[in-house]
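Next comes data-v2.pdb, with PDB, C-alpha atoms and all ligand atoms.
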```
MODEL        1
ATOM      1  CA  MET A   1     129.226  56.785 -18.159
ATOM      2  CA  GLY A   2     125.993  58.626 -18.092
ATOM      3  CA  GLU A   3     127.612  61.600 -16.459
ATOM      4  CA  ASP A   4     126.391  65.009 -17.483
ATOM      5  CA  VAL A   5     129.126  67.176 -18.852
ATOM      6  CA  GLN A   6     128.102  70.787 -18.722
ATOM      7  CA  SER A   7     129.852  72.973 -21.219
ATOM      8  CA  SER A   8     129.036  76.282 -19.618
ATOM      9  CA  GLY A   9     132.488  77.617 -20.286
ATOM     10  CA  GLY A  10     133.678  77.508 -16.712
ATOM     11  CA  SER A  11     137.024  76.151 -15.806
ATOM     12  CA  PRO A  12     137.216  73.434 -13.177
ATOM     13  CA  GLY A  13     136.750  74.910  -9.743
ATOM     14  CA  SER A  14     134.450  77.697 -10.873
ATOM     15  CA  GLU A  15     131.244  75.747 -10.892
ATOM     16  CA  MET A  16     128.178  77.968 -10.587
ATOM     17  CA  VAL A  17     126.179  77.286  -7.451
ATOM     18  CA  TYR A  18     123.150  78.742  -5.697
ATOM     19  CA  VAL A  19     123.434  80.400  -2.324
ATOM     20  CA  THR A  20     121.032  82.243  -0.076
ATOM     21  CA  ASP A  21     121.710  84.997   2.406
ATOM     22  CA  TYR A  22     120.904  82.955   5.440
ATOM     23  CA  GLU A  23     122.549  79.602   4.829
ATOM     24  CA  SER A  24     126.085  78.324   5.008
ATOM     25  CA  VAL A  25     125.526  75.652   2.402
ATOM     26  CA  TYR A  26     125.409  75.946  -1.344
ATOM     27  CA  HIS A  27     123.152  74.244  -3.842
ATOM     28  CA  THR A  28     123.762  72.858  -7.283
ATOM     29  CA  SER A  29     120.099  72.760  -8.227
ATOM     30  CA  SER A  30     117.911  75.865  -8.437
ATOM     31  CA  THR A  31     114.889  73.688  -7.750
ATOM     32  CA  CYS A  32     116.259  72.195  -4.545
ATOM     33  CA  THR A  33     113.485  72.034  -1.995
ATOM     34  CA  HIS A  34     115.865  73.421   0.605
ATOM     35  CA  LEU A  35     115.945  76.652  -1.392
ATOM     36  CA  ASP A  36     112.221  76.997  -1.105
ATOM     37  CA  LEU A  37     111.257  79.528   1.513
ATOM     38  CA  HIS A  38     108.185  78.364   3.292
ATOM     39  CA  ILE A  39     105.814  81.265   3.793
ATOM     40  CA  TYR A  40     102.977  80.844   6.209
ATOM     41  CA  THR A  41     100.326  82.985   7.795
ATOM     42  CA  GLU A  42      99.669  83.697  11.446
ATOM     43  CA  THR A  43      97.440  85.994  13.375
ATOM     44  CA  LEU A  44      99.291  89.068  14.482
ATOM     45  CA  ASP A  45      99.133  87.920  18.090
ATOM     46  CA  ALA A  46     100.704  84.562  17.266
ATOM     47  CA  ALA A  47     103.371  86.219  15.147
ATOM     48  CA  LEU A  48     104.341  88.546  17.969
ATOM     49  CA  GLN A  49     104.769  85.592  20.302
ATOM     50  CA  SER A  50     106.577  83.194  18.012
ATOM     51  CA  ARG A  51     110.239  83.084  17.126
ATOM     52  CA  ASN A  52     111.997  82.091  13.973
ATOM     53  CA  LYS A  53     114.400  79.163  13.571
ATOM     54  CA  ASP A  54     117.217  81.236  14.977
ATOM     55  CA  GLY A  55     115.206  82.122  18.065
ATOM     56  CA  THR A  56     114.678  85.714  16.993
ATOM     57  CA  ARG A  57     111.404  87.482  17.565
ATOM     58  CA  TYR A  58     109.651  88.803  14.515
ATOM     59  CA  GLN A  59     109.693  92.533  13.915
ATOM     60  CA  PRO A  60     107.257  94.494  11.771
ATOM     61  CA  CYS A  61     108.505  94.728   8.197
ATOM     62  CA  ASP A  62     109.441  98.318   7.492
ATOM     63  CA  LYS A  63     108.402  97.943   3.866
ATOM     64  CA  CYS A  64     104.816  96.800   4.211
ATOM     65  CA  ILE A  65     103.612  97.125   7.793
ATOM     66  CA  GLY A  66     103.640 100.916   7.730
ATOM     67  CA  GLU A  67      99.993 101.124   6.766
ATOM     68  CA  GLY A  68      98.942  98.612   9.382
ATOM     69  CA  ILE A  69      97.678  95.057   9.211
ATOM     70  CA  SER A  70      94.908  94.805   6.661
ATOM     71  CA  HIS A  71      93.840  91.177   6.891
ATOM     72  CA  GLY A  72      94.007  90.373  10.584
ATOM     73  CA  HIS A  73      96.888  88.040   9.875
ATOM     74  CA  VAL A  74     100.467  88.440   8.753
ATOM     75  CA  TYR A  75     102.984  86.528   6.658
ATOM     76  CA  LEU A  76     106.084  84.920   8.120
ATOM     77  CA  THR A  77     108.966  82.763   7.005
ATOM     78  CA  GLU A  78     110.838  80.306   9.163
ATOM     79  CA  ARG A  79     114.130  82.084   8.702
ATOM     80  CA  GLY A  80     112.841  85.592   8.364
ATOM     81  CA  THR A  81     113.042  88.214  11.054
ATOM     82  CA  ALA A  82     109.988  90.229  10.075
ATOM     83  CA  TYR A  83     106.272  89.739   9.734
ATOM     84  CA  HIS A  84     104.591  91.125   6.659
ATOM     85  CA  ASN A  85     101.235  92.527   5.735
ATOM     86  CA  ASN A  86     101.637  92.026   2.019
ATOM     87  CA  LEU A  87     102.360  88.679   0.393
ATOM     88  CA  GLU A  88     103.939  90.563  -2.497
ATOM     89  CA  CYS A  89     106.410  92.353  -0.247
ATOM     90  CA  SER A  90     109.956  92.192  -1.579
ATOM     91  CA  GLY A  91     111.112  91.365   1.935
ATOM     92  CA  LEU A  92     109.270  88.070   1.702
ATOM     93  CA  LYS A  93     110.811  86.996  -1.550
ATOM     94  CA  ARG A  94     113.558  84.494  -1.228
ATOM     95  CA  CYS A  95     116.903  85.873  -2.083
ATOM     96  CA  ILE A  96     118.824  83.313  -4.110
ATOM     97  CA  ARG A  97     122.011  84.257  -5.859
ATOM     98  CA  LEU A  98     123.927  82.375  -8.506
ATOM     99  CA  VAL A  99     127.620  82.645  -7.736
ATOM    100  CA  LYS A 100     130.877  80.935  -8.558
ATOM    101  CA  LEU A 101     131.684  78.159  -6.151
ATOM    102  CA  ASP A 102     135.063  79.625  -5.335
ATOM    103  CA  GLU A 103     133.548  83.042  -4.638
ATOM    104  CA  THR A 104     131.065  81.974  -2.005
ATOM    105  CA  SER A 105     131.761  81.593   1.673
ATOM    106  CA  ALA A 106     129.372  78.655   1.801
ATOM    107  CA  GLN A 107     131.528  75.655   2.528
ATOM    108  CA  ASN A 108     129.230  72.687   2.285
ATOM    109  CA  LEU A 109     127.100  71.252  -0.448
ATOM    110  CA  CYS A 110     123.477  70.966   0.564
ATOM    111  CA  SER A 111     122.739  67.382   1.561
ATOM    112  CA  ARG A 112     119.722  67.199  -0.695
ATOM    113  CA  CYS A 113     121.643  68.447  -3.718
ATOM    114  CA  GLN A 114     124.412  66.006  -2.931
ATOM    115  CA  TYR A 115     121.924  63.183  -2.881
ATOM    116  CA  ALA A 116     120.356  64.374  -6.141
ATOM    117  CA  LYS A 117     123.748  64.349  -7.782
ATOM    118  CA  GLY A 118     123.964  60.648  -7.106
ATOM    119  CA  GLU A 119     127.504  60.782  -5.706
TER     120      GLU A 119
HETATM  121 ZN    ZN B   1     120.114  72.014  -2.062
HETATM  122 ZN    ZN B   2     107.129  93.248   4.183
ENDMDL
END
```
What's the structure tokens form of this structure?
Amino acid sequence: MGEDVQSSGGSPGSEMVYVTDYESVYHTSSTCTHLDLHIYTETLDAALQSRNKDGTRYQPCDKCIGEGISHGHVYLTERGTAYHNNLECSGLKRCIRLVKLDETSAQNLCSRCQYAKGE
């Protein structure tokens, strides 16, 4: 009782889920906080010396760094591999795709989404 039945026309096993390019888990909620890319600012010096969550050094974004650093600081994401000059850069935007569950290589349901589902 009280279970949501979604009549989105999908057959069982083809549930639509959210995946990102850099994670091996999938999400059932588009508003999951784990889908939220945290963007933060650093001075260029700090950005050049820091590494992302995968231990990779940040490289200049080829889309927006071409004209140089205009603010004295740059934009980074924890999972990104580039630092950016422009907050509007498409390279900074999170890339979330809605796919069929059986078409994604992501094997595991995000723990937060699982919790939100209430078992
Ligand atoms: Zn999630
Ligand atoms: Zn950029």
Written as a ChimeraX atom specification, what is the full residue list that the PyMOL selection byres (((chain A and resi 76) around 9) and not hetatm) yields on the file shown?
-> /A:38-42,47,52,58,74-75,77-84,92
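Residue nearest ligand ZN 1 (chain B), chosen from A:Thr104, A:Ser24, A:Thr31, A:Gln49 and counting all atoms listed in the file: A:Thr31.
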Residue contacts of Tyr18 (chain A) (8 Å, all atoms listed in the file) excluding same-chain residues fewer than 6 positions away, as a list of chain:residue names | A:Tyr26, A:His27, A:Thr28, A:Ser29, A:Ser30, A:Ile96, A:Arg97, A:Leu98, A:Val99
Write to file, as an mmCIF file, keeping the file's coordinate frame, the residues of the selection just made, with C-alpha atoms.
```cif
data_model
loop_
_atom_site.group_PDB
_atom_site.id
_atom_site.type_symbol
_atom_site.label_atom_id
_atom_site.label_comp_id
_atom_site.auth_asym_id
_atom_site.auth_seq_id
_atom_site.Cartn_x
_atom_site.Cartn_y
_atom_site.Cartn_z
ATOM 1 C CA TYR A 26 125.409 75.946 -1.344
ATOM 2 C CA HIS A 27 123.152 74.244 -3.842
ATOM 3 C CA THR A 28 123.762 72.858 -7.283
ATOM 4 C CA SER A 29 120.099 72.760 -8.227
ATOM 5 C CA SER A 30 117.911 75.865 -8.437
ATOM 6 C CA ILE A 96 118.824 83.313 -4.110
ATOM 7 C CA ARG A 97 122.011 84.257 -5.859
ATOM 8 C CA LEU A 98 123.927 82.375 -8.506
ATOM 9 C CA VAL A 99 127.620 82.645 -7.736
#
```
Protein and nucleic acid residues within 7 Å of ligand ZN 2 (chain B) (only C-alpha atoms and all ligand atoms) as a VMD selection string | chain A and resid 61 to 65 83 to 86 89 to 92
Exercise answer, 6 Å around ligand ZN 1 (chain B) with all atoms listed in the file, as a ChimeraX atom specification | /A:27,32,34,110,112-113
Mind working out the centre and edge lengths of an axis-aligned box for region 98-105 of chain A, all listed atoms inside, 3 Å added to each side, rounded to one decimal in Å and written as JSON?
```
{"center_x": 129.5, "center_y": 80.6, "center_z": -3.4, "size_x": 17.1, "size_y": 10.9, "size_z": 16.2}
```
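The space between CA of Pro60 (chain A) and CA of Leu44 (chain A) spans 10.0 Å.
In this structure, CA of Leu35 (chain A) sits 25.5 Å away from CA of Leu48 (chain A).
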Distance CA of Asn108 (chain A)-CA of Glu23 (chain A), one decimal place?
-> 9.9 Å
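Closest approach to Asp102 (chain A) among A:Ser50, A:Ser14, A:Gln114, A:Thr56: A:Ser14, based on all atoms listed in the file.
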Ala46 (chain A) proximity check over A:Tyr115, A:Val19, A:His73, A:Leu109, using only C-alpha atoms: winner is A:His73
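The closest residue to Ala106 (chain A), picked from A:Ile69, A:Val17, A:Arg57, A:Val25 and counting all atoms listed in the file, is A:Val25.
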